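Text of work07.pdb, listed as PDB, C-alpha atoms, pLDDT in the B column:
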ATOM      1  CA  MET Z 189     -18.504  33.811  29.083  1.00 51.00           C
ATOM      2  CA  ALA Z 190     -16.748  36.772  30.673  1.00 51.00           C
ATOM      3  CA  VAL Z 191     -12.975  36.939  30.748  1.00 54.00           C
ATOM      4  CA  GLY Z 192     -10.389  38.456  33.092  1.00 54.00           C
ATOM      5  CA  GLY Z 193     -10.304  41.921  34.441  1.00 53.00           C
ATOM      6  CA  SER Z 194     -10.866  43.144  37.928  1.00 56.00           C
ATOM      7  CA  GLU Z 195     -14.195  44.254  39.307  1.00 69.00           C
ATOM      8  CA  VAL Z 196     -14.971  47.876  38.564  1.00 77.00           C
ATOM      9  CA  GLU Z 197     -16.884  49.918  41.103  1.00 82.00           C
ATOM     10  CA  ILE Z 198     -19.961  51.379  39.448  1.00 86.00           C
ATOM     11  CA  LEU Z 199     -21.071  54.590  41.092  1.00 89.00           C
ATOM     12  CA  LYS Z 200     -24.794  55.203  41.361  1.00 89.00           C
ATOM     13  CA  PRO Z 201     -27.148  57.353  43.413  1.00 92.00           C
ATOM     14  CA  ARG Z 202     -28.292  55.931  46.764  1.00 91.00           C
ATOM     15  CA  CYS Z 203     -31.903  55.949  45.562  1.00 92.00           C
ATOM     16  CA  ASP Z 204     -31.067  53.697  42.586  1.00 91.00           C
ATOM     17  CA  LYS Z 205     -32.151  50.182  43.597  1.00 90.00           C
ATOM     18  CA  ARG Z 206     -30.985  48.520  40.384  1.00 91.00           C
ATOM     19  CA  GLU Z 207     -27.987  46.187  40.368  1.00 91.00           C
ATOM     20  CA  TYR Z 208     -25.072  46.775  37.987  1.00 90.00           C
ATOM     21  CA  ARG Z 209     -22.261  44.534  36.798  1.00 90.00           C
ATOM     22  CA  ARG Z 210     -19.539  45.092  34.197  1.00 90.00           C
ATOM     23  CA  ILE Z 211     -18.084  42.161  32.270  1.00 89.00           C
ATOM     24  CA  VAL Z 212     -15.658  41.859  29.375  1.00 89.00           C
ATOM     25  CA  LEU Z 213     -16.449  39.233  26.735  1.00 87.00           C
ATOM     26  CA  PRO Z 214     -13.762  37.059  25.066  1.00 90.00           C
ATOM     27  CA  ASN Z 215     -13.899  39.358  21.997  1.00 85.00           C
ATOM     28  CA  CYS Z 216     -13.053  42.323  24.316  1.00 87.00           C
ATOM     29  CA  LEU Z 217     -16.523  43.870  24.168  1.00 84.00           C
ATOM     30  CA  GLU Z 218     -17.358  45.573  27.431  1.00 87.00           C
ATOM     31  CA  VAL Z 219     -20.845  44.875  28.744  1.00 88.00           C
ATOM     32  CA  LEU Z 220     -22.784  46.699  31.429  1.00 88.00           C
ATOM     33  CA  LEU Z 221     -25.527  44.501  32.896  1.00 90.00           C
ATOM     34  CA  ILE Z 222     -28.339  46.247  34.740  1.00 91.00           C
ATOM     35  CA  SER Z 223     -30.956  44.359  36.745  1.00 90.00           C
ATOM     36  CA  ASP Z 224     -34.245  46.001  37.672  1.00 90.00           C
ATOM     37  CA  PRO Z 225     -36.780  43.434  38.919  1.00 84.00           C
ATOM     38  CA  GLU Z 226     -39.550  46.058  38.951  1.00 88.00           C
ATOM     39  CA  THR Z 227     -39.647  46.621  35.199  1.00 89.00           C
ATOM     40  CA  ASP Z 228     -41.773  44.711  32.693  1.00 88.00           C
ATOM     41  CA  LYS Z 229     -39.421  45.415  29.760  1.00 93.00           C
ATOM     42  CA  VAL Z 230     -35.843  44.534  28.993  1.00 94.00           C
ATOM     43  CA  ALA Z 231     -33.454  46.390  26.734  1.00 93.00           C
ATOM     44  CA  ALA Z 232     -30.065  46.167  25.082  1.00 93.00           C
ATOM     45  CA  SER Z 233     -27.793  48.681  23.414  1.00 92.00           C
ATOM     46  CA  MET Z 234     -24.619  48.417  21.345  1.00 91.00           C
ATOM     47  CA  ASN Z 235     -22.379  51.456  21.121  1.00 91.00           C
ATOM     48  CA  VAL Z 236     -19.749  51.421  18.365  1.00 90.00           C
ATOM     49  CA  SER Z 237     -16.926  53.947  18.701  1.00 90.00           C
ATOM     50  CA  VAL Z 238     -17.224  55.097  15.085  1.00 91.00           C
ATOM     51  CA  GLY Z 239     -19.237  58.090  13.949  1.00 90.00           C
ATOM     52  CA  TYR Z 240     -19.239  60.622  11.151  1.00 87.00           C
ATOM     53  CA  PHE Z 241     -15.753  61.897  12.107  1.00 88.00           C
ATOM     54  CA  SER Z 242     -14.552  58.585  10.609  1.00 91.00           C
ATOM     55  CA  ASP Z 243     -16.310  59.051   7.244  1.00 87.00           C
ATOM     56  CA  PRO Z 244     -13.721  58.877   4.442  1.00 88.00           C
ATOM     57  CA  ASP Z 245     -13.357  61.921   2.192  1.00 83.00           C
ATOM     58  CA  GLY Z 246     -15.838  61.605  -0.649  1.00 83.00           C
ATOM     59  CA  LEU Z 247     -18.104  59.292   1.372  1.00 83.00           C
ATOM     60  CA  GLU Z 248     -19.544  61.811   3.820  1.00 80.00           C
ATOM     61  CA  GLY Z 249     -22.620  60.359   5.487  1.00 82.00           C
ATOM     62  CA  LEU Z 250     -21.333  56.769   5.313  1.00 86.00           C
ATOM     63  CA  ALA Z 251     -21.496  56.103   9.078  1.00 88.00           C
ATOM     64  CA  HIS Z 252     -25.103  57.314   9.200  1.00 86.00           C
ATOM     65  CA  PHE Z 253     -25.973  55.265   6.111  1.00 87.00           C
ATOM     66  CA  LEU Z 254     -24.484  52.098   7.647  1.00 88.00           C
ATOM     67  CA  GLU Z 255     -26.427  52.769  10.856  1.00 88.00           C
ATOM     68  CA  HIS Z 256     -29.580  52.476   8.725  1.00 86.00           C
ATOM     69  CA  MET Z 257     -28.386  49.430   6.780  1.00 87.00           C
ATOM     70  CA  LEU Z 258     -27.522  47.200   9.726  1.00 86.00           C
ATOM     71  CA  PHE Z 259     -31.119  46.623  10.839  1.00 84.00           C
ATOM     72  CA  TYR Z 260     -32.353  45.059   7.583  1.00 86.00           C
ATOM     73  CA  ALA Z 261     -31.327  41.415   7.620  1.00 91.00           C
ATOM     74  CA  SER Z 262     -28.598  38.977   8.656  1.00 93.00           C
ATOM     75  CA  GLU Z 263     -27.413  35.582   7.453  1.00 95.00           C
ATOM     76  CA  LYS Z 264     -29.260  33.865  10.319  1.00 96.00           C
ATOM     77  CA  TYR Z 265     -32.421  35.977   9.844  1.00 95.00           C
ATOM     78  CA  PRO Z 266     -32.441  36.801   6.108  1.00 94.00           C
ATOM     79  CA  VAL Z 267     -36.043  38.039   5.835  1.00 94.00           C
ATOM     80  CA  GLU Z 268     -35.830  41.801   5.475  1.00 91.00           C
ATOM     81  CA  ASP Z 269     -37.216  43.767   8.438  1.00 91.00           C
ATOM     82  CA  SER Z 270     -37.989  40.585  10.430  1.00 94.00           C
ATOM     83  CA  TYR Z 271     -36.056  42.011  13.396  1.00 95.00           C
ATOM     84  CA  SER Z 272     -38.188  45.161  13.608  1.00 94.00           C
ATOM     85  CA  LYS Z 273     -41.337  43.103  13.121  1.00 96.00           C
ATOM     86  CA  TYR Z 274     -40.337  40.683  15.910  1.00 97.00           C
ATOM     87  CA  ILE Z 275     -39.578  43.512  18.323  1.00 97.00           C
ATOM     88  CA  THR Z 276     -42.820  45.366  17.542  1.00 97.00           C
ATOM     89  CA  GLU Z 277     -44.933  42.204  17.837  1.00 98.00           C
ATOM     90  CA  HIS Z 278     -43.452  41.608  21.286  1.00 98.00           C
ATOM     91  CA  GLY Z 279     -44.176  45.028  22.751  1.00 97.00           C
ATOM     92  CA  GLY Z 280     -40.905  46.717  21.953  1.00 97.00           C
ATOM     93  CA  SER Z 281     -39.202  49.357  19.887  1.00 96.00           C
ATOM     94  CA  THR Z 282     -35.871  49.854  18.128  1.00 95.00           C
ATOM     95  CA  ASN Z 283     -33.781  52.836  17.169  1.00 93.00           C
ATOM     96  CA  ALA Z 284     -30.251  53.986  16.412  1.00 91.00           C
ATOM     97  CA  TYR Z 285     -28.301  57.201  16.034  1.00 90.00           C
ATOM     98  CA  THR Z 286     -24.932  58.409  14.769  1.00 89.00           C
ATOM     99  CA  THR Z 287     -22.887  61.144  16.424  1.00 88.00           C
ATOM    100  CA  SER Z 288     -19.434  62.517  15.706  1.00 87.00           C
ATOM    101  CA  GLU Z 289     -17.578  59.615  17.326  1.00 89.00           C
ATOM    102  CA  HIS Z 290     -20.223  56.990  18.136  1.00 90.00           C
ATOM    103  CA  THR Z 291     -23.038  54.999  16.589  1.00 91.00           C
ATOM    104  CA  ASN Z 292     -25.576  53.531  18.972  1.00 92.00           C
ATOM    105  CA  PHE Z 293     -28.120  50.793  18.278  1.00 93.00           C
ATOM    106  CA  HIS Z 294     -30.750  49.862  20.876  1.00 93.00           C
ATOM    107  CA  PHE Z 295     -34.047  48.102  21.513  1.00 94.00           C
ATOM    108  CA  ASP Z 296     -36.511  47.242  24.247  1.00 95.00           C
ATOM    109  CA  VAL Z 297     -38.937  44.304  24.313  1.00 96.00           C
ATOM    110  CA  ASN Z 298     -41.183  42.328  26.671  1.00 96.00           C
ATOM    111  CA  ALA Z 299     -39.048  40.399  29.159  1.00 93.00           C
ATOM    112  CA  ASP Z 300     -40.185  36.935  28.032  1.00 94.00           C
ATOM    113  CA  CYS Z 301     -38.890  37.611  24.482  1.00 96.00           C
ATOM    114  CA  PHE Z 302     -35.463  38.989  25.339  1.00 95.00           C
ATOM    115  CA  GLU Z 303     -33.310  35.993  24.453  1.00 96.00           C
ATOM    116  CA  GLU Z 304     -34.523  35.742  20.837  1.00 97.00           C
ATOM    117  CA  ALA Z 305     -34.583  39.538  20.453  1.00 96.00           C
ATOM    118  CA  LEU Z 306     -30.963  39.748  21.655  1.00 95.00           C
ATOM    119  CA  ASN Z 307     -29.946  36.956  19.272  1.00 96.00           C
ATOM    120  CA  ARG Z 308     -31.567  38.745  16.330  1.00 96.00           C
ATOM    121  CA  PHE Z 309     -29.917  42.027  17.390  1.00 94.00           C
ATOM    122  CA  ALA Z 310     -26.468  40.428  17.712  1.00 94.00           C
ATOM    123  CA  GLN Z 311     -26.664  38.904  14.231  1.00 94.00           C
ATOM    124  CA  PHE Z 312     -26.531  42.380  12.649  1.00 92.00           C
ATOM    125  CA  PHE Z 313     -23.037  42.773  14.036  1.00 91.00           C
ATOM    126  CA  ILE Z 314     -21.962  39.186  13.307  1.00 92.00           C
ATOM    127  CA  SER Z 315     -23.181  38.695   9.720  1.00 93.00           C
ATOM    128  CA  PRO Z 316     -25.303  41.535   8.308  1.00 92.00           C
ATOM    129  CA  LEU Z 317     -26.904  41.273   4.867  1.00 91.00           C
ATOM    130  CA  MET Z 318     -27.119  44.389   2.706  1.00 88.00           C
ATOM    131  CA  SER Z 319     -29.077  43.907  -0.484  1.00 88.00           C
ATOM    132  CA  PRO Z 320     -28.835  46.311  -3.445  1.00 88.00           C
ATOM    133  CA  ASP Z 321     -32.568  47.119  -3.095  1.00 87.00           C
ATOM    134  CA  ALA Z 322     -32.232  47.972   0.584  1.00 86.00           C
ATOM    135  CA  THR Z 323     -29.129  50.009  -0.191  1.00 86.00           C
ATOM    136  CA  LEU Z 324     -30.977  52.216  -2.652  1.00 87.00           C
ATOM    137  CA  ARG Z 325     -33.964  52.611  -0.291  1.00 87.00           C
ATOM    138  CA  GLU Z 326     -31.754  53.641   2.605  1.00 82.00           C
ATOM    139  CA  ILE Z 327     -29.764  56.107   0.524  1.00 82.00           C
ATOM    140  CA  LYS Z 328     -33.095  57.781  -0.226  1.00 83.00           C
ATOM    141  CA  ALA Z 329     -34.226  57.558   3.419  1.00 80.00           C
ATOM    142  CA  VAL Z 330     -31.017  59.090   4.747  1.00 78.00           C
ATOM    143  CA  ASP Z 331     -31.139  61.803   2.085  1.00 78.00           C
ATOM    144  CA  SER Z 332     -34.751  62.487   3.082  1.00 81.00           C
ATOM    145  CA  GLU Z 333     -33.580  63.021   6.677  1.00 78.00           C
ATOM    146  CA  ASN Z 334     -31.005  65.492   5.385  1.00 73.00           C
ATOM    147  CA  GLN Z 335     -33.608  67.338   3.266  1.00 76.00           C
ATOM    148  CA  LYS Z 336     -35.847  67.640   6.356  1.00 77.00           C
ATOM    149  CA  ASN Z 337     -32.920  69.000   8.370  1.00 73.00           C
ATOM    150  CA  LEU Z 338     -32.245  71.700   5.771  1.00 73.00           C
ATOM    151  CA  LEU Z 339     -35.438  73.414   6.960  1.00 78.00           C
ATOM    152  CA  SER Z 340     -34.339  73.416  10.614  1.00 78.00           C
ATOM    153  CA  ASP Z 341     -32.615  76.541  11.916  1.00 82.00           C
ATOM    154  CA  GLY Z 342     -30.706  74.450  14.466  1.00 79.00           C
ATOM    155  CA  TRP Z 343     -29.323  72.115  11.810  1.00 74.00           C
ATOM    156  CA  ARG Z 344     -28.495  75.025   9.500  1.00 74.00           C
ATOM    157  CA  MET Z 345     -26.615  76.780  12.314  1.00 78.00           C
ATOM    158  CA  SER Z 346     -24.693  73.577  12.992  1.00 74.00           C
ATOM    159  CA  GLN Z 347     -23.746  73.249   9.319  1.00 74.00           C
ATOM    160  CA  LEU Z 348     -22.621  76.892   9.246  1.00 76.00           C
ATOM    161  CA  GLN Z 349     -20.398  76.303  12.278  1.00 77.00           C
ATOM    162  CA  LYS Z 350     -18.934  73.225  10.595  1.00 72.00           C
ATOM    163  CA  HIS Z 351     -18.354  75.117   7.359  1.00 73.00           C
ATOM    164  CA  LEU Z 352     -16.487  77.865   9.244  1.00 78.00           C
ATOM    165  CA  SER Z 353     -14.320  75.418  11.202  1.00 77.00           C
ATOM    166  CA  SER Z 354     -10.879  74.274  10.077  1.00 81.00           C
ATOM    167  CA  LYS Z 355     -11.037  72.003   7.041  1.00 79.00           C
ATOM    168  CA  ASN Z 356      -8.312  69.900   8.689  1.00 81.00           C
ATOM    169  CA  HIS Z 357     -10.480  69.043  11.688  1.00 76.00           C
ATOM    170  CA  PRO Z 358     -13.096  66.250  11.562  1.00 70.00           C
ATOM    171  CA  TYR Z 359     -15.719  68.658  12.971  1.00 69.00           C
ATOM    172  CA  HIS Z 360     -15.752  70.254   9.512  1.00 66.00           C
ATOM    173  CA  LYS Z 361     -17.192  67.029   8.072  1.00 69.00           C
ATOM    174  CA  PHE Z 362     -20.746  66.645   6.867  1.00 64.00           C
ATOM    175  CA  SER Z 363     -22.811  65.113   9.680  1.00 64.00           C
ATOM    176  CA  THR Z 364     -26.370  64.476   8.566  1.00 64.00           C
ATOM    177  CA  GLY Z 365     -28.084  62.660   5.760  1.00 50.00           C
ATOM    178  CA  GLU Z 366     -26.459  61.387   2.605  1.00 42.00           C
ATOM    179  CA  HIS Z 367     -23.797  63.274   0.732  1.00 41.00           C
ATOM    180  CA  PHE Z 368     -22.098  60.622  -1.363  1.00 39.00           C
ATOM    181  CA  ASP Z 369     -22.431  59.112  -4.812  1.00 38.00           C
ATOM    182  CA  VAL Z 370     -24.543  55.928  -5.057  1.00 37.00           C
ATOM    183  CA  ARG Z 371     -21.834  54.292  -7.198  1.00 33.00           C
ATOM    184  CA  HIS Z 372     -19.451  54.408  -4.219  1.00 36.00           C
ATOM    185  CA  VAL Z 373     -21.906  52.703  -1.882  1.00 37.00           C
ATOM    186  CA  LEU Z 374     -22.506  49.775  -4.197  1.00 36.00           C
ATOM    187  CA  ILE Z 375     -18.899  48.714  -3.566  1.00 34.00           C
ATOM    188  CA  PHE Z 376     -19.975  47.699  -0.060  1.00 33.00           C
ATOM    189  CA  VAL Z 377     -22.911  45.537  -1.182  1.00 30.00           C
TER     190      VAL Z 377
END
For the file at hand, write its structure as C-alpha cells.
Amino acid sequence: MAVGGSEVEILKPRCDKREYRRIVLPNCLEVLLISDPETDKVAASMNVSVGYFSDPDGLEGLAHFLEHMLFYASEKYPVEDSYSKYITEHGGSTNAYTTSEHTNFHFDVNADCFEEALNRFAQFFISPLMSPDATLREIKAVDSENQKNLLSDGWRMSQLQKHLSSKNHPYHKFSTGEHFDVRHVLIFV
C-alpha cells in the first residue's frame, strides 16, 4: 500500500502514549496514522491544499461551496446524505472547513464501523456526485452562512481588512459564504 520514502521522525511530547506513523500512498497522498488503544472512537481527516485564495475571479466562494457539495453523494453511494446518516447512526460526527489555503474534511465514528465509514468518506474524493438540486440547496446554505456572518463584528472587521488590502494579493479575496452567480456554478454540475 505505502510506497518509498524514508522514515520521518515524528516529534511528540513524552506524555503522549499514542503511536504515530507516516506513509505515502501510491497516488502521493501523505498519511499520518495515529494509534491510541485507549479510545473508543476512530477518526479520519483529509486536508486539501486549496482554499479561498484559489477561487477564480468572478467565482468568489467556490472553494467553500465545493466543501459543502462533496459530502452529498458519490457514484458508489448515490443516496444523498447517506454518508452523514451512516456516521450519525454509528456514534460519530462529520464536519469540514475552508481557510485561505486549505480545505479540511473530517469525521469520527465508533471503532467497529471505521472501515465502511472510511470507504464512504474516500468515495467523495474519488467520484463525487453533485446534483442540480443539491447545488441550489448548498448555494443557499453557504449564502445563509455569509448572511449570518454579516452580523458578526469579527467577520466584519476581517472583511474590512481584506477590502483595505492590496487588490493584487489573494488576501483581498472574499472568504465566506457565496458571492457568485448561480449560472456559473451549474457549469460544474
* Asked: At most 8 Å from (-20.1, 45.5, 32.8), file frame, all atoms listed in the file: which residues, as a list in words?
  -> Tyr208, Arg209, Arg210, Ile211, Val212, Glu218, Val219, Leu220 and Leu221 of chain Z
Once you have the residues from the selection above, write them out as a PDB file, in the coordinates of the input, restricted to C-alpha atoms.
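Here's the written file result_23.pdb:
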ATOM      1  CA  TYR Z 208     -25.072  46.775  37.987  1.00 90.00           C
ATOM      2  CA  ARG Z 209     -22.261  44.534  36.798  1.00 90.00           C
ATOM      3  CA  ARG Z 210     -19.539  45.092  34.197  1.00 90.00           C
ATOM      4  CA  ILE Z 211     -18.084  42.161  32.270  1.00 89.00           C
ATOM      5  CA  VAL Z 212     -15.658  41.859  29.375  1.00 89.00           C
ATOM      6  CA  GLU Z 218     -17.358  45.573  27.431  1.00 87.00           C
ATOM      7  CA  VAL Z 219     -20.845  44.875  28.744  1.00 88.00           C
ATOM      8  CA  LEU Z 220     -22.784  46.699  31.429  1.00 88.00           C
ATOM      9  CA  LEU Z 221     -25.527  44.501  32.896  1.00 90.00           C
TER      10      LEU Z 221
END
* Would you list the contacts of range 314-328 of chain Z as a ChimeraX atom specification, taking every protein, DNA or RNA residue within 7 Å and counting all atoms listed in the file, but skipping same-chain residues closer than 3 positions in sequence? => /Z:253,256-258,261-263,310-311,331-332,366,377
Would you export the selected residues with C-alpha atoms as an mmCIF file, in the frame of the given file, please?
data_model
loop_
_atom_site.group_PDB
_atom_site.id
_atom_site.type_symbol
_atom_site.label_atom_id
_atom_site.label_comp_id
_atom_site.auth_asym_id
_atom_site.auth_seq_id
_atom_site.Cartn_x
_atom_site.Cartn_y
_atom_site.Cartn_z
ATOM 1 C CA PHE Z 253 -25.973 55.265 6.111
ATOM 2 C CA HIS Z 256 -29.580 52.476 8.725
ATOM 3 C CA MET Z 257 -28.386 49.430 6.780
ATOM 4 C CA LEU Z 258 -27.522 47.200 9.726
ATOM 5 C CA ALA Z 261 -31.327 41.415 7.620
ATOM 6 C CA SER Z 262 -28.598 38.977 8.656
ATOM 7 C CA GLU Z 263 -27.413 35.582 7.453
ATOM 8 C CA ALA Z 310 -26.468 40.428 17.712
ATOM 9 C CA GLN Z 311 -26.664 38.904 14.231
ATOM 10 C CA ASP Z 331 -31.139 61.803 2.085
ATOM 11 C CA SER Z 332 -34.751 62.487 3.082
ATOM 12 C CA GLU Z 366 -26.459 61.387 2.605
ATOM 13 C CA VAL Z 377 -22.911 45.537 -1.182
#
* Exercise: Arg308 in chain Z partners within 12 Å, only C-alpha atoms, chain neighbours under 3 positions left out, as a ChimeraX atom specification -> /Z:232,258-267,269-275,295,301-305,311-316
* Residue nearest Tyr240 in chain Z among Z:Glu289, Z:Glu255, Z:Asp224, Z:Glu197 (counting all atoms listed in the file) ->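 Checking each candidate against Tyr240 in chain Z, we get Z:Glu289 as the closest.
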Draw an axis-aligned box over all listed atoms of range 222-240 of chain Z, pad each side with 8 Å, and write its centre and edge lengths in Å, one decimal, as lines of an AutoDock Vina configuration file.
center_x = -29.3
center_y = 52.0
center_z = 25.1
size_x = 40.8
size_y = 33.2
size_z = 43.8
* Which of these residues is nearest to Ser223 in chain Z, using only C-alpha atoms: Z:Val196, Z:Ala299, Z:Leu352, Z:Leu306? ->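 With only C-alpha atoms as the atom set, the closest residue is Z:Ala299.
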Around (-28.9, 55.2, 18.2) in the file's own coordinates, what residues are found within 12 Å if you use only C-alpha atoms, given back as a CSV table (one decimal) with C-alpha atoms, in the frame of the given file?
chain,number,residue,atom,x,y,z
Z,232,ALA,CA,-30.1,46.2,25.1
Z,233,SER,CA,-27.8,48.7,23.4
Z,234,MET,CA,-24.6,48.4,21.3
Z,235,ASN,CA,-22.4,51.5,21.1
Z,236,VAL,CA,-19.7,51.4,18.4
Z,239,GLY,CA,-19.2,58.1,13.9
Z,251,ALA,CA,-21.5,56.1,9.1
Z,252,HIS,CA,-25.1,57.3,9.2
Z,254,LEU,CA,-24.5,52.1,7.6
Z,255,GLU,CA,-26.4,52.8,10.9
Z,256,HIS,CA,-29.6,52.5,8.7
Z,258,LEU,CA,-27.5,47.2,9.7
Z,259,PHE,CA,-31.1,46.6,10.8
Z,281,SER,CA,-39.2,49.4,19.9
Z,282,THR,CA,-35.9,49.9,18.1
Z,283,ASN,CA,-33.8,52.8,17.2
Z,284,ALA,CA,-30.3,54.0,16.4
Z,285,TYR,CA,-28.3,57.2,16.0
Z,286,THR,CA,-24.9,58.4,14.8
Z,287,THR,CA,-22.9,61.1,16.4
Z,290,HIS,CA,-20.2,57.0,18.1
Z,291,THR,CA,-23.0,55.0,16.6
Z,292,ASN,CA,-25.6,53.5,19.0
Z,293,PHE,CA,-28.1,50.8,18.3
Z,294,HIS,CA,-30.8,49.9,20.9
Z,295,PHE,CA,-34.0,48.1,21.5
* To do: Calculate how many Å separate CA of Leu247 in chain Z from CA of Lys355 in chain Z, rounding to one decimal.
  =>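 Result for CA of Leu247 in chain Z versus CA of Lys355 in chain Z: 15.6 Å, one decimal.
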* Explicit residue set for the PyMOL selection byres ((chain Z and resi 241) around 8), as number ranges by chain -> Z: 238-240, 242-243, 288-289, 358-359, 361
* Quote the spacing between CA of Lys200 in chain Z and CA of Asn307 in chain Z in Å to one decimal place. =>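 Taking CA of Lys200 in chain Z and CA of Asn307 in chain Z, their separation equals 29.1 Å.
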* Structure fact -> As a check of understanding: the span from CA of Ala329 in chain Z to CA of Gly249 in chain Z is 12.1 Å
* To do: For the structure shown, which residues end up in the PyMOL selection byres ((chain Z and resi 227) around 12)? Put them as a PyMOL selection string, please?
  => chain Z and resi 205-206+222-226+228-231+296-299
Any chance you could export the current selection's C-alpha atoms as a PDB file, keeping the file's coordinate frame?
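And here is the file that came out, part17.pdb:
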ATOM      1  CA  LYS Z 205     -32.151  50.182  43.597  1.00 90.00           C
ATOM      2  CA  ARG Z 206     -30.985  48.520  40.384  1.00 91.00           C
ATOM      3  CA  ILE Z 222     -28.339  46.247  34.740  1.00 91.00           C
ATOM      4  CA  SER Z 223     -30.956  44.359  36.745  1.00 90.00           C
ATOM      5  CA  ASP Z 224     -34.245  46.001  37.672  1.00 90.00           C
ATOM      6  CA  PRO Z 225     -36.780  43.434  38.919  1.00 84.00           C
ATOM      7  CA  GLU Z 226     -39.550  46.058  38.951  1.00 88.00           C
ATOM      8  CA  ASP Z 228     -41.773  44.711  32.693  1.00 88.00           C
ATOM      9  CA  LYS Z 229     -39.421  45.415  29.760  1.00 93.00           C
ATOM     10  CA  VAL Z 230     -35.843  44.534  28.993  1.00 94.00           C
ATOM     11  CA  ALA Z 231     -33.454  46.390  26.734  1.00 93.00           C
ATOM     12  CA  ASP Z 296     -36.511  47.242  24.247  1.00 95.00           C
ATOM     13  CA  VAL Z 297     -38.937  44.304  24.313  1.00 96.00           C
ATOM     14  CA  ASN Z 298     -41.183  42.328  26.671  1.00 96.00           C
ATOM     15  CA  ALA Z 299     -39.048  40.399  29.159  1.00 93.00           C
TER      16      ALA Z 299
END
Where atoms are lacking, range 321-326 of chain Z completed to all heavy atoms, as a PDB file, in the coordinates of the input:
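The result, written out as rebuild25.pdb:
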ATOM      1  N   ASP Z 321     -31.289  46.416  -3.230  1.00 87.00           N
ATOM      2  CA  ASP Z 321     -32.568  47.119  -3.095  1.00 87.00           C
ATOM      3  C   ASP Z 321     -32.626  47.923  -1.796  1.00 87.00           C
ATOM      4  O   ASP Z 321     -33.039  49.082  -1.784  1.00 87.00           O
ATOM      5  CB  ASP Z 321     -33.737  46.138  -3.126  1.00 87.00           C
ATOM      6  CG  ASP Z 321     -33.991  45.564  -4.510  1.00 87.00           C
ATOM      7  OD1 ASP Z 321     -33.477  46.132  -5.489  1.00 87.00           O
ATOM      8  OD2 ASP Z 321     -34.713  44.557  -4.607  1.00 87.00           O
ATOM      9  N   ALA Z 322     -32.223  47.283  -0.706  1.00 86.00           N
ATOM     10  CA  ALA Z 322     -32.232  47.972   0.584  1.00 86.00           C
ATOM     11  C   ALA Z 322     -31.250  49.136   0.572  1.00 86.00           C
ATOM     12  O   ALA Z 322     -31.518  50.198   1.134  1.00 86.00           O
ATOM     13  CB  ALA Z 322     -31.887  46.996   1.703  1.00 86.00           C
ATOM     14  N   THR Z 323     -30.129  48.947  -0.093  1.00 86.00           N
ATOM     15  CA  THR Z 323     -29.129  50.009  -0.191  1.00 86.00           C
ATOM     16  C   THR Z 323     -29.727  51.246  -0.843  1.00 86.00           C
ATOM     17  O   THR Z 323     -29.611  52.355  -0.314  1.00 86.00           O
ATOM     18  CB  THR Z 323     -27.906  49.519  -0.992  1.00 86.00           C
ATOM     19  OG1 THR Z 323     -27.320  48.404  -0.314  1.00 86.00           O
ATOM     20  CG2 THR Z 323     -26.869  50.610  -1.150  1.00 86.00           C
ATOM     21  N   LEU Z 324     -30.384  51.069  -1.958  1.00 87.00           N
ATOM     22  CA  LEU Z 324     -30.977  52.216  -2.652  1.00 87.00           C
ATOM     23  C   LEU Z 324     -32.080  52.860  -1.821  1.00 87.00           C
ATOM     24  O   LEU Z 324     -32.183  54.088  -1.745  1.00 87.00           O
ATOM     25  CB  LEU Z 324     -31.506  51.792  -4.021  1.00 87.00           C
ATOM     26  CG  LEU Z 324     -30.416  51.386  -5.023  1.00 87.00           C
ATOM     27  CD1 LEU Z 324     -31.040  50.842  -6.301  1.00 87.00           C
ATOM     28  CD2 LEU Z 324     -29.500  52.555  -5.324  1.00 87.00           C
ATOM     29  N   ARG Z 325     -32.898  52.057  -1.145  1.00 87.00           N
ATOM     30  CA  ARG Z 325     -33.964  52.611  -0.291  1.00 87.00           C
ATOM     31  C   ARG Z 325     -33.383  53.436   0.844  1.00 87.00           C
ATOM     32  O   ARG Z 325     -33.879  54.515   1.172  1.00 87.00           O
ATOM     33  CB  ARG Z 325     -34.837  51.490   0.283  1.00 87.00           C
ATOM     34  CG  ARG Z 325     -35.907  51.004  -0.657  1.00 87.00           C
ATOM     35  CD  ARG Z 325     -36.956  50.170   0.085  1.00 87.00           C
ATOM     36  NE  ARG Z 325     -36.418  49.132   0.940  1.00 87.00           N
ATOM     37  CZ  ARG Z 325     -36.072  47.908   0.537  1.00 87.00           C
ATOM     38  NH1 ARG Z 325     -36.212  47.556  -0.722  1.00 87.00           N
ATOM     39  NH2 ARG Z 325     -35.610  47.031   1.391  1.00 87.00           N
ATOM     40  N   GLU Z 326     -32.326  52.930   1.459  1.00 82.00           N
ATOM     41  CA  GLU Z 326     -31.754  53.641   2.605  1.00 82.00           C
ATOM     42  C   GLU Z 326     -30.986  54.887   2.187  1.00 82.00           C
ATOM     43  O   GLU Z 326     -30.942  55.852   2.944  1.00 82.00           O
ATOM     44  CB  GLU Z 326     -30.892  52.713   3.451  1.00 82.00           C
ATOM     45  CG  GLU Z 326     -31.721  51.824   4.322  1.00 82.00           C
ATOM     46  CD  GLU Z 326     -32.812  52.570   5.088  1.00 82.00           C
ATOM     47  OE1 GLU Z 326     -32.527  53.563   5.794  1.00 82.00           O
ATOM     48  OE2 GLU Z 326     -33.986  52.170   4.991  1.00 82.00           O
TER      49      GLU Z 326
END
